[in-house]
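Following: one structure in structure tokens, then a few remarks.
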Amino acid sequence: MSKLSVVFLNTFSHGGGAALAASRLREALASKAETKLLVGLINGQADDTTFAFKPGKWGKALFWFRFIRERIYFARFEKDKTVRFSYSTASAGANLSSHEQIKKSDIVHLHWINFGFASIRALTQLASLNKPVVWTLHDMWLLTGGCHHNRGCENYRIACGNCQYLKNPAANDLSHRVWLKKKTALDTLKPTLVVPSEWLKNKVQESSLLKHHRVEIIGNAIDTAFFKPTANRTETEGWSEGEEIAICFIAANVSNPFKGATYLKEALEYLTHTHPALAKRIKLVVVGDDKNHFFDEFPILVHKTGFIHNPDEIVKIYQQSTLFILPSLEENLPNTIMEAMACGTPSVAFDVGGVSDMIQHQQNGYLARCKDAKDLANGIIWCTENTERYKQLCAQARVHIETNYSYPVIAEKHLNLYHSLHV
């Protein structure tokens, strides 16, 4: 049987969870399918199987023109600047159906295609090729009238409208009009949906746009030969009674309010009052840009690394950390938790989105009630108060990732899906 030819589409070649997930999936499929990556912008080193939709400096200029055009269009509707990059109208984009790599492929696999790469109109144009289309959802955009995360709003269950992101919400506002355009395009395109988490599958099945489409749960892939524990994970610095407890927190912008740093600070303040001896042993390792210097006034020792590009350094931080912590208020299937657990590092996180697909409460980590800083602190205490318990958490974290998200597991699931569509 000849290998299938699959073209992946993502706005950027590097940066962000979607680009990383697409890259890892291509690695997982390397010996099993012929894959290409088509992007709106190559923003890092790329091999000869990665293509910009329009190459060269003029192609780059055209990409940024579309990006700016879409942002300017939305500016007159936005509630304020805080929502500017949290909502996409998909009013500007390239004609995807015209590209040679898409025409030559057996399967078109879409990932995150916003910010001027693909418009809603491009989806209808893509449908004219009559090719199987798979679409991996990395946030809620495809379900809604434009927002990437619903933040408690359930209007996506009906037909959007009265949108909290807009300065003049109404029944027939921009979100409803975008919803109508999406419905027409999606009914024509008929993509098969892949969601990385049970949480997002439930959202899809509630969605007025997507509930009639085929949806499969397939998690993101991770290279468990690279993200792995040290030779003896339970003897690394940070777990023994009386030793330093290194807690790792990672985000591209660590002071982003939706990454939950405020709740993390509150949890650590609670610990300093209720468990002062434990708090004195804690060192918080912050990886990412702290542009607002939010972590300068934390109640415990903080070591800020800044943004780290070298994967080897990231692995080392995971391996040397006692716990990984993620107090995010919105997530799909965060790569950071997967990476930490693959390295045998238990995670403490708020129970949001697809986090519970990875963290099994008090088996391989701790799921805290969302926005409950005290419960976040309780998770730190529970995971570190008993040495034997901690050893079990480390081992079970690793096993769960190997069993459910390793390259062979995820590659096989995608291949089965592709072959079911390519008949």
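Numbering starts fresh at 1 for the residues of each chain in the structure tokens, the chains themselves are lettered A, B, ... in the order given, and ligands are numbered from 1 as they appear.
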
Each residue of segment 252-367 of chain A with at least one atom at most 9 Å from segment 140-158 of chain A should appear once, together with its nearest atom pair and the corresponding distance in Å (one decimal); atoms considered: only C-alpha atoms; ordering: chain, then increasing residue number; output as CSV.
residue,atom,partner,partner_atom,distance
A:Leu329,CA,A:Arg151,CA,8.9
A:Glu330,CA,A:His149,CA,7.4
A:Glu331,CA,A:His149,CA,8.8
A:Asn332,CA,A:Met140,CA,8.7

What residues in segment 22-152 of chain A get the DSSP label strand (DSSP E or B)? Please answer as a VMD selection string. chain A and resid 34 to 41 50 to 52 78 87 94 107 to 110 118 133 to 136 147

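Taking atom CA of Leu268 of chain A as the reference point, atom CA of Arg398 of chain A is found at 26.5 Å.
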
At a cut-off of 10 Å, using only C-alpha atoms, what residues contact Asn335 of chain A? Leave out same-chain residues fewer than 3 positions from it and give the result as a compact mmCIF listing (two decimals) with all heavy atoms, in the first residue's frame.
# COMPACT_ATOMS: atom_id res chain seq x y z
N GLY A 16 3.59 28.81 19.51
CA GLY A 16 2.21 28.49 19.83
C GLY A 16 1.96 27.00 19.88
O GLY A 16 2.67 26.20 19.26
N GLY A 17 0.92 26.63 20.61
CA GLY A 17 0.61 25.22 20.81
C GLY A 17 0.21 24.49 19.55
O GLY A 17 0.55 23.32 19.36
N ALA A 18 -0.50 25.17 18.64
CA ALA A 18 -0.95 24.51 17.41
C ALA A 18 0.22 24.17 16.49
O ALA A 18 0.29 23.08 15.93
CB ALA A 18 -1.95 25.40 16.67
N LEU A 20 3.28 23.69 17.38
CA LEU A 20 4.04 22.61 18.03
C LEU A 20 3.34 21.27 17.85
O LEU A 20 3.98 20.26 17.53
CB LEU A 20 4.22 22.93 19.51
CG LEU A 20 5.05 21.95 20.33
CD1 LEU A 20 6.46 21.85 19.78
CD2 LEU A 20 5.08 22.38 21.80
N ALA A 21 2.02 21.25 18.03
CA ALA A 21 1.27 20.00 17.87
C ALA A 21 1.36 19.49 16.45
O ALA A 21 1.53 18.28 16.21
CB ALA A 21 -0.18 20.22 18.28
N ASN A 220 -2.81 15.21 21.32
CA ASN A 220 -1.56 15.68 20.72
C ASN A 220 -0.47 14.64 20.95
O ASN A 220 -0.50 13.90 21.93
CB ASN A 220 -1.14 17.01 21.33
CG ASN A 220 -2.14 18.12 21.04
OD1 ASN A 220 -2.86 18.06 20.06
ND2 ASN A 220 -2.19 19.12 21.90
N ALA A 221 0.50 14.61 20.05
CA ALA A 221 1.59 13.64 20.16
C ALA A 221 2.78 14.24 20.89
O ALA A 221 3.02 15.45 20.82
CB ALA A 221 2.02 13.20 18.76
N ILE A 222 3.53 13.40 21.58
CA ILE A 222 4.76 13.84 22.23
C ILE A 222 5.83 12.76 22.08
O ILE A 222 5.53 11.55 22.13
CB ILE A 222 4.52 14.16 23.73
CG1 ILE A 222 5.78 14.77 24.36
CG2 ILE A 222 4.05 12.94 24.50
CD1 ILE A 222 5.55 15.38 25.71
N GLU A 331 -7.91 26.28 28.82
CA GLU A 331 -6.94 25.42 28.15
C GLU A 331 -7.69 24.40 27.32
O GLU A 331 -8.85 24.08 27.61
CB GLU A 331 -6.05 24.69 29.16
CG GLU A 331 -5.05 25.57 29.90
CD GLU A 331 -3.87 26.03 29.03
OE1 GLU A 331 -3.77 25.56 27.88
OE2 GLU A 331 -3.09 26.87 29.51
N ASN A 332 -7.01 23.85 26.32
CA ASN A 332 -7.55 22.72 25.57
C ASN A 332 -6.83 21.46 26.07
O ASN A 332 -7.29 20.81 26.99
CB ASN A 332 -7.35 22.92 24.07
CG ASN A 332 -7.93 21.80 23.24
OD1 ASN A 332 -8.58 20.89 23.75
ND2 ASN A 332 -7.71 21.85 21.95
N MET A 338 1.68 17.88 29.42
CA MET A 338 2.08 16.63 28.78
C MET A 338 3.60 16.44 28.86
O MET A 338 4.09 15.34 29.15
CB MET A 338 1.62 16.62 27.32
CG MET A 338 1.83 15.32 26.60
SD MET A 338 1.27 15.39 24.88
CE MET A 338 -0.47 15.69 25.10
N GLU A 339 4.34 17.51 28.59
CA GLU A 339 5.80 17.44 28.63
C GLU A 339 6.31 17.14 30.03
O GLU A 339 7.21 16.31 30.23
CB GLU A 339 6.38 18.76 28.12
CG GLU A 339 6.15 18.99 26.64
CD GLU A 339 6.41 20.42 26.19
OE1 GLU A 339 6.72 21.27 27.07
OE2 GLU A 339 6.30 20.71 24.99
N ALA A 340 5.75 17.84 31.02
CA ALA A 340 6.17 17.62 32.40
C ALA A 340 5.90 16.18 32.84
O ALA A 340 6.77 15.51 33.42
CB ALA A 340 5.46 18.60 33.33
N MET A 341 4.70 15.70 32.55
CA MET A 341 4.34 14.34 32.96
C MET A 341 5.19 13.30 32.24
O MET A 341 5.55 12.27 32.82
CB MET A 341 2.86 14.10 32.71
CG MET A 341 1.95 14.91 33.63
SD MET A 341 0.18 14.68 33.28
CE MET A 341 -0.05 12.95 33.69

Can you list every residue in segment 121-177 of chain A that DSSP puts in alpha helix (DSSP H), as a VMD selection string? chain A and resid 121 to 127 174 to 177

Once you have the residues from the selection above, write them out as a PDB file, in the first residue's frame, restricted to N, CA and C atoms.
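Final output, saved to selection19.pdb:
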ATOM      1  N   ARG A 121     -14.374  32.381   3.458  1.00  0.00           N
ATOM      2  CA  ARG A 121     -14.581  32.136   2.031  1.00  0.00           C
ATOM      3  C   ARG A 121     -13.632  31.054   1.510  1.00  0.00           C
ATOM      4  N   ALA A 122     -12.398  31.021   2.041  1.00  0.00           N
ATOM      5  CA  ALA A 122     -11.415  30.038   1.586  1.00  0.00           C
ATOM      6  C   ALA A 122     -11.872  28.612   1.874  1.00  0.00           C
ATOM      7  N   LEU A 123     -12.700  28.436   2.897  1.00  0.00           N
ATOM      8  CA  LEU A 123     -13.187  27.096   3.224  1.00  0.00           C
ATOM      9  C   LEU A 123     -14.113  26.587   2.121  1.00  0.00           C
ATOM     10  N   THR A 124     -14.956  27.473   1.601  1.00  0.00           N
ATOM     11  CA  THR A 124     -15.835  27.101   0.495  1.00  0.00           C
ATOM     12  C   THR A 124     -15.022  26.797  -0.762  1.00  0.00           C
ATOM     13  N   GLN A 125     -13.989  27.592  -1.002  1.00  0.00           N
ATOM     14  CA  GLN A 125     -13.111  27.347  -2.159  1.00  0.00           C
ATOM     15  C   GLN A 125     -12.400  26.004  -2.012  1.00  0.00           C
ATOM     16  N   LEU A 126     -11.984  25.684  -0.802  1.00  0.00           N
ATOM     17  CA  LEU A 126     -11.306  24.413  -0.541  1.00  0.00           C
ATOM     18  C   LEU A 126     -12.243  23.236  -0.811  1.00  0.00           C
ATOM     19  N   ALA A 127     -13.499  23.414  -0.492  1.00  0.00           N
ATOM     20  CA  ALA A 127     -14.477  22.340  -0.695  1.00  0.00           C
ATOM     21  C   ALA A 127     -14.612  21.973  -2.171  1.00  0.00           C
ATOM     22  N   LEU A 174     -21.932  41.260  15.047  1.00  0.00           N
ATOM     23  CA  LEU A 174     -20.885  40.662  14.215  1.00  0.00           C
ATOM     24  C   LEU A 174     -20.749  39.166  14.461  1.00  0.00           C
ATOM     25  N   SER A 175     -20.839  38.736  15.707  1.00  0.00           N
ATOM     26  CA  SER A 175     -20.654  37.308  16.012  1.00  0.00           C
ATOM     27  C   SER A 175     -21.730  36.458  15.326  1.00  0.00           C
ATOM     28  N   HIS A 176     -22.964  36.952  15.278  1.00  0.00           N
ATOM     29  CA  HIS A 176     -24.033  36.197  14.605  1.00  0.00           C
ATOM     30  C   HIS A 176     -23.805  36.168  13.104  1.00  0.00           C
ATOM     31  N   ARG A 177     -23.357  37.279  12.539  1.00  0.00           N
ATOM     32  CA  ARG A 177     -23.118  37.326  11.089  1.00  0.00           C
ATOM     33  C   ARG A 177     -21.957  36.419  10.694  1.00  0.00           C
TER      34      ARG A 177
END

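For the choices A:Ile120, A:Val134, A:Leu62, A:Ile337, the atom-to-atom distance to Tyr418 of chain A is smallest for A:Val134 when using only C-alpha atoms.
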
May I have the residues within 10 Å of segment 355-365 of chain A as a ChimeraX atom specification, using only C-alpha atoms and disregarding those fewer than 3 positions away in the same chain? /A:196-199,219,323-326,328,330-334,337-338,341,344-352,368,379-380,382-383,389-401,404-405

Could you list, as a VMD selection string, every residue within 10 Å of segment 33-48 of chain A, counting only C-alpha atoms and ignoring same-chain residues fewer than 3 positions away? chain A and resid 2 to 15 19 22 to 23 25 to 30 51 to 56 59 to 64 93 to 94 96 99 101 to 102 105 to 110 112 to 118 411 415

Grab the atom CA of Ile314 of chain A to atom CA of Ala277 of chain A distance for me, in Å with one decimal place. 28.7 Å
